[in-house]
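*Asks:* What follows is my_file38.pdb; its format and atoms are PDB, C-alpha atoms.
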```
MODEL        1
ATOM      1  CA  MET A   1     219.236  98.043  77.366
ATOM      2  CA  LYS A   2     217.507  97.479  74.039
ATOM      3  CA  LYS A   3     216.969  93.778  74.879
ATOM      4  CA  TYR A   4     215.441  94.742  78.228
ATOM      5  CA  ILE A   5     212.878  97.080  76.577
ATOM      6  CA  THR A   6     212.007  94.461  73.937
ATOM      7  CA  PHE A   7     211.616  91.793  76.624
ATOM      8  CA  SER A   8     209.369  94.117  78.690
ATOM      9  CA  VAL A   9     207.107  94.865  75.721
ATOM     10  CA  VAL A  10     206.775  91.161  74.839
ATOM     11  CA  ALA A  11     206.104  90.220  78.491
ATOM     12  CA  LEU A  12     203.451  92.928  78.781
ATOM     13  CA  PHE A  13     201.795  91.723  75.570
ATOM     14  CA  LEU A  14     201.744  88.114  76.779
ATOM     15  CA  LEU A  15     200.306  89.181  80.134
ATOM     16  CA  PHE A  16     197.363  90.978  78.516
ATOM     17  CA  ALA A  17     196.839  88.192  75.987
ATOM     18  CA  ALA A  18     196.698  85.563  78.760
ATOM     19  CA  GLU A  19     194.242  87.668  80.785
ATOM     20  CA  GLY A  20     191.940  88.143  77.781
ATOM     21  CA  TYR A  21     192.060  84.429  76.975
ATOM     22  CA  SER A  22     191.156  83.414  80.519
ATOM     23  CA  GLN A  23     188.006  85.582  80.430
ATOM     24  CA  ALA A  24     186.788  84.250  77.091
ATOM     25  CA  VAL A  25     183.860  81.822  77.135
ATOM     26  CA  PRO A  26     184.344  78.798  74.878
ATOM     27  CA  ALA A  27     181.941  78.584  71.950
ATOM     28  CA  GLY A  28     178.851  76.520  72.635
ATOM     29  CA  ARG A  29     179.041  76.898  76.417
ATOM     30  CA  GLN A  30     177.409  80.293  76.794
ATOM     31  CA  GLU A  31     173.724  79.774  77.455
ATOM     32  CA  ILE A  32     171.109  82.417  76.759
ATOM     33  CA  THR A  33     168.412  82.664  79.416
ATOM     34  CA  LYS A  34     165.037  81.925  77.857
ATOM     35  CA  TYR A  35     161.811  83.494  79.076
ATOM     36  CA  ASN A  36     158.112  83.028  78.511
ATOM     37  CA  PHE A  37     156.398  86.356  77.891
ATOM     38  CA  LEU A  38     152.762  87.088  78.684
ATOM     39  CA  GLU A  39     150.725  90.152  77.700
ATOM     40  CA  VAL A  40     147.780  91.245  79.832
ATOM     41  CA  ILE A  41     145.524  94.043  78.527
ATOM     42  CA  VAL A  42     144.049  96.248  81.260
ATOM     43  CA  VAL A  43     141.303  98.745  80.450
ATOM     44  CA  GLN A  44     140.958 101.416  83.135
ATOM     45  CA  LYS A  45     138.469 104.186  83.564
ATOM     46  CA  ALA A  46     139.956 107.578  82.772
ATOM     47  CA  ASN A  47     140.942 109.693  85.797
ATOM     48  CA  ASN A  48     139.966 106.974  88.249
ATOM     49  CA  ARG A  49     143.352 106.100  89.808
ATOM     50  CA  GLY A  50     143.785 102.437  89.031
ATOM     51  CA  LYS A  51     140.152 101.344  88.998
ATOM     52  CA  VAL A  52     140.072  98.535  86.467
ATOM     53  CA  LYS A  53     137.172  98.437  84.051
ATOM     54  CA  ARG A  54     138.206  95.180  82.386
ATOM     55  CA  ILE A  55     141.181  92.814  82.068
ATOM     56  CA  LYS A  56     141.571  90.883  78.844
ATOM     57  CA  VAL A  57     144.014  88.025  78.253
ATOM     58  CA  GLU A  58     144.289  86.376  74.859
ATOM     59  CA  GLU A  59     145.185  82.690  74.604
ATOM     60  CA  GLN A  60     148.995  82.636  74.529
ATOM     61  CA  THR A  61     151.585  79.860  74.360
ATOM     62  CA  ALA A  62     153.167  81.183  77.579
ATOM     63  CA  LEU A  63     150.088  79.981  79.494
ATOM     64  CA  LYS A  64     150.446  76.340  78.460
ATOM     65  CA  GLY A  65     151.462  74.202  81.416
ATOM     66  CA  GLU A  66     151.268  77.101  83.889
ATOM     67  CA  ASN A  67     149.288  77.186  87.125
ATOM     68  CA  ILE A  68     147.417  80.383  86.209
ATOM     69  CA  SER A  69     144.366  80.705  84.010
ATOM     70  CA  ILE A  70     142.819  83.367  81.830
ATOM     71  CA  ASP A  71     139.609  83.292  83.893
ATOM     72  CA  GLU A  72     141.465  83.951  87.170
ATOM     73  CA  ILE A  73     143.331  86.906  85.670
ATOM     74  CA  GLU A  74     140.233  88.412  84.037
ATOM     75  CA  GLU A  75     138.319  88.341  87.361
ATOM     76  CA  ILE A  76     140.841  90.677  89.045
ATOM     77  CA  GLU A  77     139.460  94.169  89.739
ATOM     78  CA  GLU A  78     142.523  96.285  90.649
ATOM     79  CA  THR A  79     145.920  96.844  89.078
ATOM     80  CA  SER A  80     147.777  96.204  92.340
ATOM     81  CA  THR A  81     145.931  92.902  92.761
ATOM     82  CA  LEU A  82     146.984  91.903  89.233
ATOM     83  CA  LEU A  83     150.631  92.664  89.981
ATOM     84  CA  ASN A  84     150.493  90.781  93.293
ATOM     85  CA  TYR A  85     148.778  87.803  91.643
ATOM     86  CA  MET A  86     151.384  87.579  88.886
ATOM     87  CA  ASN A  87     154.229  88.007  91.378
ATOM     88  CA  ALA A  88     152.811  85.211  93.566
ATOM     89  CA  HIS A  89     152.896  82.917  90.516
ATOM     90  CA  ASN A  90     156.541  83.819  89.709
ATOM     91  CA  TRP A  91     155.826  86.150  86.792
ATOM     92  CA  GLU A  92     158.042  89.230  86.776
ATOM     93  CA  PHE A  93     156.598  92.587  85.649
ATOM     94  CA  LEU A  94     158.653  93.814  82.715
ATOM     95  CA  ASP A  95     156.926  96.707  80.940
ATOM     96  CA  ARG A  96     153.710  98.696  80.605
ATOM     97  CA  GLN A  97     152.507 100.765  77.682
ATOM     98  CA  SER A  98     149.303 102.762  77.521
ATOM     99  CA  VAL A  99     147.060 104.234  74.856
ATOM    100  CA  VAL A 100     144.698 107.130  75.593
ATOM    101  CA  SER A 101     142.446 108.513  72.864
ATOM    102  CA  ASP A 102     140.494 111.232  74.646
ATOM    103  CA  ASP A 103     140.127 112.587  78.188
ATOM    104  CA  ASN A 104     136.917 110.659  78.873
ATOM    105  CA  ASP A 105     137.830 107.475  76.982
ATOM    106  CA  PRO A 106     139.135 104.468  78.876
ATOM    107  CA  VAL A 107     142.884 103.924  79.098
ATOM    108  CA  TRP A 108     144.148 100.759  77.393
ATOM    109  CA  MET A 109     147.297  99.389  78.959
ATOM    110  CA  SER A 110     149.469  96.484  77.928
ATOM    111  CA  TYR A 111     151.298  94.824  80.817
ATOM    112  CA  ILE A 112     154.154  92.510  79.845
ATOM    113  CA  PHE A 113     155.293  89.828  82.280
ATOM    114  CA  ARG A 114     158.084  87.287  81.906
ATOM    115  CA  LYS A 115     158.861  83.959  83.485
ATOM    116  CA  ARG A 116     162.058  81.996  83.244
ATOM    117  CA  LYS A 117     161.692  78.715  81.360
TER     118      LYS A 117
ENDMDL
END
```
Would you mind giving the structure from this file in structure tokens?
*Replies:*
Amino acid sequence: MKKYITFSVVALFLLFAAEGYSQAVPAGRQEITKYNFLEVIVVQKANNRGKVKRIKVEEQTALKGENISIDEIEEIEETSTLLNYMNAHNWEFLDRQSVVSDDNDPVWMSYIFRKRK
């Protein structure tokens, strides 16, 4: 009986060890997905429901070799048009952060987009 219990414990250990080993990824084979990130600054009028006052895009390395330009982005007049434009050019919306100083001051928003390299 004692041999049977010992054998069961060892078999159970080997079973879990083999399962854990089969799920492990060998070193050097796991690839991290790389993205290009792009920041677009949108200045909106306060209390005006998405009416864009100005869009500002700084020169960024993510724009090199892409089929979009700073001028095209800065000519956009609505937030929804910006999101549709970026989506049409395979840029995924990732995050938005806003800064508001006062009730009548414009709202500064930073839109972050990413594109797979």
*Asks:* Evaluate the PyMOL selection byres ((chain A and resi 94-109) around 6) against this structure - the residues, as a PyMOL selection string, please.
*Replies:* chain A and resi 41-46+93+110-113
*Asks:* My list of candidates is A:Leu38, A:Asn87, A:Lys117, A:Thr6. Which is closest to Ala62 (chain A) when distances are computed with only C-alpha atoms?
*Replies:* A:Leu38
*Asks:* If the PyMOL selection byres ((chain A and resi 79) around 10) were run on this exact file, what residues would it hold? Put them as a CSV table (one decimal) with C-alpha atoms, in the coordinates of the input.
*Replies:*
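Wrote it out as result10.csv, contents follow:
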```csv
chain,number,residue,atom,x,y,z
A,42,VAL,CA,144.0,96.2,81.3
A,43,VAL,CA,141.3,98.7,80.4
A,44,GLN,CA,141.0,101.4,83.1
A,49,ARG,CA,143.4,106.1,89.8
A,50,GLY,CA,143.8,102.4,89.0
A,51,LYS,CA,140.2,101.3,89.0
A,52,VAL,CA,140.1,98.5,86.5
A,55,ILE,CA,141.2,92.8,82.1
A,76,ILE,CA,140.8,90.7,89.0
A,77,GLU,CA,139.5,94.2,89.7
A,78,GLU,CA,142.5,96.3,90.6
A,80,SER,CA,147.8,96.2,92.3
A,81,THR,CA,145.9,92.9,92.8
A,82,LEU,CA,147.0,91.9,89.2
A,83,LEU,CA,150.6,92.7,90.0
A,84,ASN,CA,150.5,90.8,93.3
A,85,TYR,CA,148.8,87.8,91.6
```
*Asks:* Using all atoms listed in the file, can you tell me which of A:Glu74, A:Glu31, A:Glu59, A:Glu66 comes closest to Trp91 (chain A)?
*Replies:*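 So, comparing all the options, the nearest one is A:Glu66.
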*Asks:* Report, in Å with one decimal, the straight-line distance from CA of Lys115 (chain A) to CA of Thr61 (chain A).
*Replies:*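 Answer for the CA of Lys115 (chain A) to CA of Thr61 (chain A) separation: 12.4 Å.
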*Asks:* How far is it from CA of Lys53 (chain A) to CA of His89 (chain A), in Å with one decimal?
*Replies:*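 Separation of CA of Lys53 (chain A) and CA of His89 (chain A): 23.0 Å.
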*Asks:* Please compute the CA of Val57 (chain A)-CA of Ile32 (chain A) distance, one decimal, in Å.
*Replies:*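 Computing it gives 27.7 Å between the two atoms.
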*Asks:* Here is a test: counting only C-alpha atoms, which residue of A:Ala88, A:Arg54, A:Ile5, A:Gln60 is nearest to Asn36 (chain A)?
*Replies:*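 Checking each candidate against Asn36 (chain A), we get A:Gln60 as the closest.
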*Asks:* Using all atoms listed in the file, which of A:Glu58, A:Asn67, A:Thr33, A:Val40 sits nearest Asn90 (chain A)?
*Replies:*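 Residue with the minimum atom-to-atom distance to Asn90 (chain A): A:Asn67.
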